[in-house]
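Novice: File upload31.cif below, mmCIF, C-alpha atoms and all ligand atoms:
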data_target
loop_
_atom_site.group_PDB
_atom_site.id
_atom_site.type_symbol
_atom_site.label_atom_id
_atom_site.label_comp_id
_atom_site.auth_asym_id
_atom_site.auth_seq_id
_atom_site.Cartn_x
_atom_site.Cartn_y
_atom_site.Cartn_z
ATOM 1 C CA MET A 1 0.000 0.000 0.000
ATOM 2 C CA SER A 2 1.305 3.469 -0.863
ATOM 3 C CA SER A 3 2.148 5.832 1.920
ATOM 4 C CA ILE A 4 -0.646 8.170 0.775
ATOM 5 C CA SER A 5 -3.204 5.340 1.025
ATOM 6 C CA LYS A 6 -1.903 4.532 4.504
ATOM 7 C CA ILE A 7 -2.232 8.145 5.619
ATOM 8 C CA VAL A 8 -5.760 8.397 4.208
ATOM 9 C CA GLN A 9 -6.730 5.181 5.945
ATOM 10 C CA SER A 10 -5.203 6.232 9.254
ATOM 11 C CA TYR A 11 -6.685 9.730 9.343
ATOM 12 C CA ARG A 12 -9.990 9.328 7.476
ATOM 13 C CA PRO A 13 -12.599 11.153 9.553
ATOM 14 C CA ASP A 14 -15.873 9.572 10.611
ATOM 15 C CA LEU A 15 -17.869 9.853 7.400
ATOM 16 C CA GLY A 16 -21.293 9.577 9.108
ATOM 17 C CA PRO A 17 -21.585 13.322 9.712
ATOM 18 C CA TYR A 18 -20.503 13.963 6.112
ATOM 19 C CA ILE A 19 -23.303 11.756 4.777
ATOM 20 C CA SER A 20 -25.729 13.904 6.784
ATOM 21 C CA LEU A 21 -24.011 17.047 5.552
ATOM 22 C CA TYR A 22 -24.282 15.855 1.937
ATOM 23 C CA LYS A 23 -28.001 15.230 2.316
ATOM 24 C CA HIS A 24 -28.452 18.637 3.927
ATOM 25 C CA MET A 25 -26.532 20.303 1.097
ATOM 26 C CA HIS A 26 -28.527 18.365 -1.496
ATOM 27 C CA ALA A 27 -31.822 19.458 0.056
ATOM 28 C CA HIS A 28 -30.719 23.115 0.314
ATOM 29 C CA PRO A 29 -29.198 24.130 -3.045
ATOM 30 C CA GLU A 30 -28.667 27.774 -3.958
ATOM 31 C CA LEU A 31 -28.434 29.488 -7.350
ATOM 32 C CA SER A 32 -25.215 30.934 -8.776
ATOM 33 C CA HIS A 33 -24.000 34.084 -6.973
ATOM 34 C CA GLN A 34 -26.549 33.378 -4.186
ATOM 35 C CA GLU A 35 -24.689 30.614 -2.286
ATOM 36 C CA LYS A 36 -24.932 32.431 1.058
ATOM 37 C CA GLU A 37 -26.027 29.515 3.271
ATOM 38 C CA THR A 38 -23.741 27.004 1.554
ATOM 39 C CA ALA A 39 -20.745 29.267 2.179
ATOM 40 C CA ALA A 40 -21.892 29.861 5.770
ATOM 41 C CA THR A 41 -22.110 26.096 6.372
ATOM 42 C CA ALA A 42 -18.587 25.573 4.984
ATOM 43 C CA HIS A 43 -17.324 28.481 7.125
ATOM 44 C CA SER A 44 -18.909 27.065 10.260
ATOM 45 C CA ARG A 45 -17.440 23.584 9.675
ATOM 46 C CA LEU A 46 -13.951 24.941 8.945
ATOM 47 C CA SER A 47 -13.999 27.218 11.982
ATOM 48 C CA LYS A 48 -13.956 24.045 14.125
ATOM 49 C CA LEU A 49 -10.564 23.146 12.609
ATOM 50 C CA HIS A 50 -8.803 25.811 14.606
ATOM 51 C CA ASP A 51 -5.599 26.332 12.653
ATOM 52 C CA PHE A 52 -7.312 27.412 9.425
ATOM 53 C CA THR A 53 -7.446 31.140 8.703
ATOM 54 C CA LEU A 54 -10.747 31.894 6.963
ATOM 55 C CA TYR A 55 -11.437 34.555 4.326
ATOM 56 C CA PRO A 56 -15.175 34.796 3.579
ATOM 57 C CA ASN A 57 -17.061 36.897 1.006
ATOM 58 C CA ILE A 58 -14.463 36.983 -1.765
ATOM 59 C CA GLY A 59 -16.072 37.772 -5.119
ATOM 60 C CA GLY A 60 -19.534 37.348 -3.639
ATOM 61 C CA HIS A 61 -19.955 34.308 -1.401
ATOM 62 C CA GLY A 62 -16.524 32.842 -2.179
ATOM 63 C CA LEU A 63 -14.675 31.423 0.813
ATOM 64 C CA ALA A 64 -10.969 30.705 1.125
ATOM 65 C CA ALA A 65 -9.129 29.006 3.980
ATOM 66 C CA VAL A 66 -5.422 28.676 4.647
ATOM 67 C CA LEU A 67 -3.595 26.121 6.800
ATOM 68 C CA LYS A 68 0.112 26.856 7.165
ATOM 69 C CA ASN A 69 2.069 23.777 8.134
ATOM 70 C CA GLY A 70 5.759 24.546 7.754
ATOM 71 C CA ALA A 71 8.021 24.640 4.733
ATOM 72 C CA GLY A 72 6.938 23.160 1.431
ATOM 73 C CA PRO A 73 4.705 23.735 -1.566
ATOM 74 C CA THR A 74 1.376 25.545 -1.543
ATOM 75 C CA VAL A 75 -1.493 23.381 -2.752
ATOM 76 C CA LEU A 76 -4.945 24.776 -3.500
ATOM 77 C CA LEU A 77 -7.983 22.489 -3.424
ATOM 78 C CA ARG A 78 -11.156 23.897 -4.954
ATOM 79 C CA ALA A 79 -14.849 23.043 -4.765
ATOM 80 C CA ASP A 80 -17.712 24.835 -6.510
ATOM 81 C CA MET A 81 -20.881 25.544 -4.543
ATOM 82 C CA ASP A 82 -23.785 26.541 -6.793
ATOM 83 C CA GLY A 83 -26.861 24.574 -7.796
ATOM 84 C CA LEU A 84 -28.887 24.762 -11.027
ATOM 85 C CA PRO A 85 -32.358 26.114 -11.877
ATOM 86 C CA VAL A 86 -33.721 22.587 -12.286
ATOM 87 C CA GLU A 87 -36.735 20.952 -10.622
ATOM 88 C CA GLU A 88 -35.688 17.785 -8.815
ATOM 89 C CA GLN A 89 -37.721 14.717 -9.754
ATOM 90 C CA THR A 90 -35.576 11.981 -8.216
ATOM 91 C CA GLY A 91 -38.044 11.107 -5.449
ATOM 92 C CA LEU A 92 -35.146 10.829 -3.003
ATOM 93 C CA PRO A 93 -36.058 11.305 0.671
ATOM 94 C CA TYR A 94 -33.661 14.263 0.705
ATOM 95 C CA ALA A 95 -34.735 15.657 -2.689
ATOM 96 C CA SER A 96 -34.700 19.410 -3.045
ATOM 97 C CA THR A 97 -37.994 21.290 -3.018
ATOM 98 C CA ALA A 98 -36.147 24.613 -2.921
ATOM 99 C CA ARG A 99 -37.175 27.607 -4.991
ATOM 100 C CA MET A 100 -35.298 30.900 -5.177
ATOM 101 C CA VAL A 101 -35.740 34.238 -6.866
ATOM 102 C CA ASP A 102 -32.831 34.461 -9.284
ATOM 103 C CA GLU A 103 -31.219 37.834 -8.637
ATOM 104 C CA ALA A 104 -30.058 37.876 -12.266
ATOM 105 C CA ASP A 105 -33.585 38.215 -13.681
ATOM 106 C CA GLY A 106 -35.988 38.475 -10.715
ATOM 107 C CA VAL A 107 -37.711 35.183 -11.656
ATOM 108 C CA GLU A 108 -38.467 32.517 -9.029
ATOM 109 C CA LYS A 109 -36.979 29.167 -10.041
ATOM 110 C CA PRO A 110 -36.709 25.628 -8.688
ATOM 111 C CA VAL A 111 -33.186 24.784 -7.550
ATOM 112 C CA MET A 112 -31.365 21.460 -7.537
ATOM 113 C CA HIS A 113 -27.820 20.268 -7.061
ATOM 114 C CA ALA A 114 -28.041 18.590 -10.458
ATOM 115 C CA CYS A 115 -24.302 18.869 -11.110
ATOM 116 C CA GLY A 116 -22.901 17.422 -7.880
ATOM 117 C CA HIS A 117 -21.539 20.556 -6.246
ATOM 118 C CA ASP A 118 -23.148 19.399 -2.985
ATOM 119 C CA MET A 119 -20.741 16.439 -3.137
ATOM 120 C CA HIS A 120 -17.833 18.721 -3.994
ATOM 121 C CA VAL A 121 -18.391 20.939 -0.940
ATOM 122 C CA THR A 122 -18.869 17.928 1.331
ATOM 123 C CA SER A 123 -15.775 16.167 -0.024
ATOM 124 C CA LEU A 124 -13.580 19.235 0.370
ATOM 125 C CA LEU A 125 -14.697 19.671 3.983
ATOM 126 C CA ALA A 126 -13.909 16.014 4.674
ATOM 127 C CA ALA A 127 -10.513 16.400 2.953
ATOM 128 C CA ALA A 128 -9.857 19.462 5.133
ATOM 129 C CA GLU A 129 -10.570 17.474 8.298
ATOM 130 C CA LEU A 130 -8.368 14.610 7.108
ATOM 131 C CA LEU A 131 -5.435 16.869 6.190
ATOM 132 C CA TYR A 132 -5.833 18.810 9.439
ATOM 133 C CA GLY A 133 -5.711 15.583 11.423
ATOM 134 C CA ALA A 134 -2.724 14.339 9.400
ATOM 135 C CA LYS A 135 -0.637 17.515 9.848
ATOM 136 C CA ALA A 136 2.266 15.531 11.257
ATOM 137 C CA GLU A 137 2.517 13.602 7.971
ATOM 138 C CA TRP A 138 3.006 16.543 5.564
ATOM 139 C CA SER A 139 4.403 20.049 5.426
ATOM 140 C CA GLY A 140 3.594 23.037 3.279
ATOM 141 C CA THR A 141 0.591 25.313 2.919
ATOM 142 C CA LEU A 142 -2.927 24.128 2.187
ATOM 143 C CA VAL A 143 -5.385 26.544 0.588
ATOM 144 C CA LEU A 144 -9.065 25.675 0.242
ATOM 145 C CA VAL A 145 -11.327 27.598 -2.121
ATOM 146 C CA PHE A 146 -15.109 27.303 -2.121
ATOM 147 C CA GLN A 147 -16.026 28.950 -5.395
ATOM 148 C CA PRO A 148 -19.394 30.504 -6.244
ATOM 149 C CA ALA A 149 -21.105 30.649 -9.634
ATOM 150 C CA GLU A 150 -19.262 27.927 -11.508
ATOM 151 C CA GLU A 151 -22.384 27.275 -13.596
ATOM 152 C CA LYS A 152 -22.249 30.819 -14.944
ATOM 153 C CA GLY A 153 -18.525 30.575 -15.650
ATOM 154 C CA ALA A 154 -17.946 33.694 -13.569
ATOM 155 C CA GLY A 155 -17.222 32.793 -9.953
ATOM 156 C CA ALA A 156 -13.521 31.949 -10.159
ATOM 157 C CA GLN A 157 -12.659 35.132 -12.039
ATOM 158 C CA ARG A 158 -14.676 37.190 -9.568
ATOM 159 C CA MET A 159 -12.707 35.723 -6.667
ATOM 160 C CA VAL A 160 -9.415 36.549 -8.390
ATOM 161 C CA ASP A 161 -10.626 40.061 -9.298
ATOM 162 C CA ASP A 162 -11.733 40.595 -5.689
ATOM 163 C CA GLY A 163 -8.222 39.945 -4.381
ATOM 164 C CA LEU A 164 -8.142 36.209 -3.653
ATOM 165 C CA TYR A 165 -4.354 36.183 -4.061
ATOM 166 C CA GLU A 166 -3.908 39.236 -1.860
ATOM 167 C CA ARG A 167 -5.384 37.149 0.951
ATOM 168 C CA VAL A 168 -4.009 33.679 0.234
ATOM 169 C CA PRO A 169 -0.620 32.655 -1.156
ATOM 170 C CA VAL A 170 -0.351 31.900 -4.870
ATOM 171 C CA PRO A 171 -0.392 28.092 -5.129
ATOM 172 C CA ASP A 172 2.166 25.862 -6.815
ATOM 173 C CA VAL A 173 -0.578 23.358 -7.631
ATOM 174 C CA VAL A 174 -4.355 23.692 -8.015
ATOM 175 C CA LEU A 175 -6.629 20.646 -7.841
ATOM 176 C CA GLY A 176 -10.339 20.806 -8.632
ATOM 177 C CA GLY A 177 -12.338 17.600 -8.833
ATOM 178 C CA HIS A 178 -15.766 16.846 -10.313
ATOM 179 C CA VAL A 179 -18.019 13.855 -9.676
ATOM 180 C CA MET A 180 -18.709 11.743 -12.780
ATOM 181 C CA PRO A 181 -20.863 8.633 -13.384
ATOM 182 C CA TYR A 182 -17.801 6.408 -13.837
ATOM 183 C CA ARG A 183 -15.899 3.971 -11.668
ATOM 184 C CA SER A 184 -13.695 5.599 -9.070
ATOM 185 C CA GLY A 185 -10.135 5.880 -10.333
ATOM 186 C CA GLY A 186 -11.194 5.060 -13.907
HETATM 187 ZN ZN ZN B 1 -20.552 20.960 -12.007
#
Output the file's structure in the form of structure tokens.
Ligand SMILES: [Zn+2]

Specialist:
Amino acid sequence: MSSISKIVQSYRPDLGPYISLYKHMHAHPELSHQEKETAATAHSRLSKLHDFTLYPNIGGHGLAAVLKNGAGPTVLLRADMDGLPVEEQTGLPYASTARMVDEADGVEKPVMHACGHDMHVTSLLAAAELLYGAKAEWSGTLVLVFQPAEEKGAGAQRMVDDGLYERVPVPDVVLGGHVMPYRSGG
């Protein structure tokens, strides 16, 4: 087994609360540029990991967090937060019934996490807890970015234009994942 697999296995947090968090996120999606509660939930979770410095409200509801852990590279992990104006018809017990007035056009719309950003936010928070717990195993600087308005292709640029890199160090590596209907690792 690789040393990374060993570290993940040793420090993996209890995933039960993250299953609940995922269902909560799925049931409470927000439209692009209006991800206020999603960002607040991420902020509240990260504030329990005491060594992170948090930078909310960048480029709208964008949230960044920095964990400095000695010498080494700076790695940025990114999750997008917005849902889509889609009516959920999955019949899931935690299906979204949310509706929101879209500030872009003043029209009330159904909202659904139809693109998986609920999973992205949940996974990044779990990764943050794992990396926080495993601090003795790595050194460098970890930057987390919770990005608004990915669906409109605008949120990342807004965060940069609003001074993201005046608050957090410029990373050596950026990783942004997306869920896909394929086998893990495929
Ligand atoms: Zn997406």

Novice: For the structure shown, which residues end up in the PyMOL selection byres (((chain A and resi 51-65) around 6) and not hetatm)? Put them as an MDAnalysis selection string, please?

Specialist: chainID A and resid 36 49:50 66:67 143:148 158:159 162

Novice: Pick out the closest residue to ligand ZN 1 (chain B) from this set: A:Ile7, A:Met81, A:Val168, A:Leu130. Count only C-alpha atoms and all ligand atoms.

Specialist: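 Of all the options, A:Met81 lies closest to ligand ZN 1 (chain B).
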
Novice: Expanded to explicit residues, what is the PyMOL selection byres (((not hetatm)) within 7 of (chain B and resi 1)) for this file, as a list in words?

Specialist: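 What the PyMOL selection byres (((not hetatm)) within 7 of (chain B and resi 1)) grabs from the file is Cys115, Gly116, His117, Glu151 and His178 of chain A.
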
Novice: Write out as a PyMOL selection string each polymer residue whose atoms come within 9 Å of Ala134 in chain A, counting only C-alpha atoms; drop sequence neighbours fewer than 4 positions from it.

Specialist: chain A and resi 7-8+10-11+129-130+138

Novice: List the spatial neighbours of Val86 in chain A as a list in words - criterion: any atom at most 8 Å away, all atoms listed in the file, same-chain residues fewer than 6 positions off excluded.

Specialist: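 In the requested form, the answer reads Lys109, Pro110, Val111, Met112 and Ala114 of chain A.
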
Novice: Could you tell me how far CA of Leu131 in chain A lies from CA of Ser5 in chain A, in Å and to one decimal?

Specialist: 12.8 Å

Novice: What's the 12 Å shell around Asp102 in chain A, counting all atoms listed in the file, without same-chain residues fewer than 5 positions away, as a list of chain:residue names?

Specialist: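 The residues that qualify are A:Glu30, A:Leu31, A:Ser32, A:His33, A:Gln34, A:Glu35, A:Gly83, A:Leu84, A:Pro85, A:Val107, A:Glu108, A:Lys109, A:Pro110, A:Val111.
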
Novice: Might you spell out which residues the PyMOL selection byres (((chain A and resi 174) around 7) and not hetatm) would select in the displayed file, as a list in words?

Specialist: Val75, Leu76, Leu77, Pro171, Asp172, Val173, Leu175 and Gly176 of chain A

Novice: Report, in Å to a single decimal, how far apart CA of Tyr94 in chain A and CA of His24 in chain A are.

Specialist: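 Straight-line distance from CA of His24 in chain A to CA of Tyr94 in chain A works out to 7.5 Å.
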
Novice: Counting all atoms listed in the file, which residue out of A:Glu166, A:Tyr18, A:His113, A:Asp80 sits closest to Ala154 in chain A?

Specialist: A:Asp80

Novice: Hey, which of A:Ala126, A:Gly133, A:Val121, A:Asp14 ends up closest to Gly177 in chain A? Count all atoms listed in the file.

Specialist: A:Val121

Novice: Would you save range 141-164 of chain A to a file, keeping C-alpha atoms, as a PDB file, in the first residue's frame?

Specialist:
ATOM      1  CA  THR A 141       0.591  25.313   2.919  1.00  0.00           C
ATOM      2  CA  LEU A 142      -2.927  24.128   2.187  1.00  0.00           C
ATOM      3  CA  VAL A 143      -5.385  26.544   0.588  1.00  0.00           C
ATOM      4  CA  LEU A 144      -9.065  25.675   0.242  1.00  0.00           C
ATOM      5  CA  VAL A 145     -11.327  27.598  -2.121  1.00  0.00           C
ATOM      6  CA  PHE A 146     -15.109  27.303  -2.121  1.00  0.00           C
ATOM      7  CA  GLN A 147     -16.026  28.950  -5.395  1.00  0.00           C
ATOM      8  CA  PRO A 148     -19.394  30.504  -6.244  1.00  0.00           C
ATOM      9  CA  ALA A 149     -21.105  30.649  -9.634  1.00  0.00           C
ATOM     10  CA  GLU A 150     -19.262  27.927 -11.508  1.00  0.00           C
ATOM     11  CA  GLU A 151     -22.384  27.275 -13.596  1.00  0.00           C
ATOM     12  CA  LYS A 152     -22.249  30.819 -14.944  1.00  0.00           C
ATOM     13  CA  GLY A 153     -18.525  30.575 -15.650  1.00  0.00           C
ATOM     14  CA  ALA A 154     -17.946  33.694 -13.569  1.00  0.00           C
ATOM     15  CA  GLY A 155     -17.222  32.793  -9.953  1.00  0.00           C
ATOM     16  CA  ALA A 156     -13.521  31.949 -10.159  1.00  0.00           C
ATOM     17  CA  GLN A 157     -12.659  35.132 -12.039  1.00  0.00           C
ATOM     18  CA  ARG A 158     -14.676  37.190  -9.568  1.00  0.00           C
ATOM     19  CA  MET A 159     -12.707  35.723  -6.667  1.00  0.00           C
ATOM     20  CA  VAL A 160      -9.415  36.549  -8.390  1.00  0.00           C
ATOM     21  CA  ASP A 161     -10.626  40.061  -9.298  1.00  0.00           C
ATOM     22  CA  ASP A 162     -11.733  40.595  -5.689  1.00  0.00           C
ATOM     23  CA  GLY A 163      -8.222  39.945  -4.381  1.00  0.00           C
ATOM     24  CA  LEU A 164      -8.142  36.209  -3.653  1.00  0.00           C
TER      25      LEU A 164
END
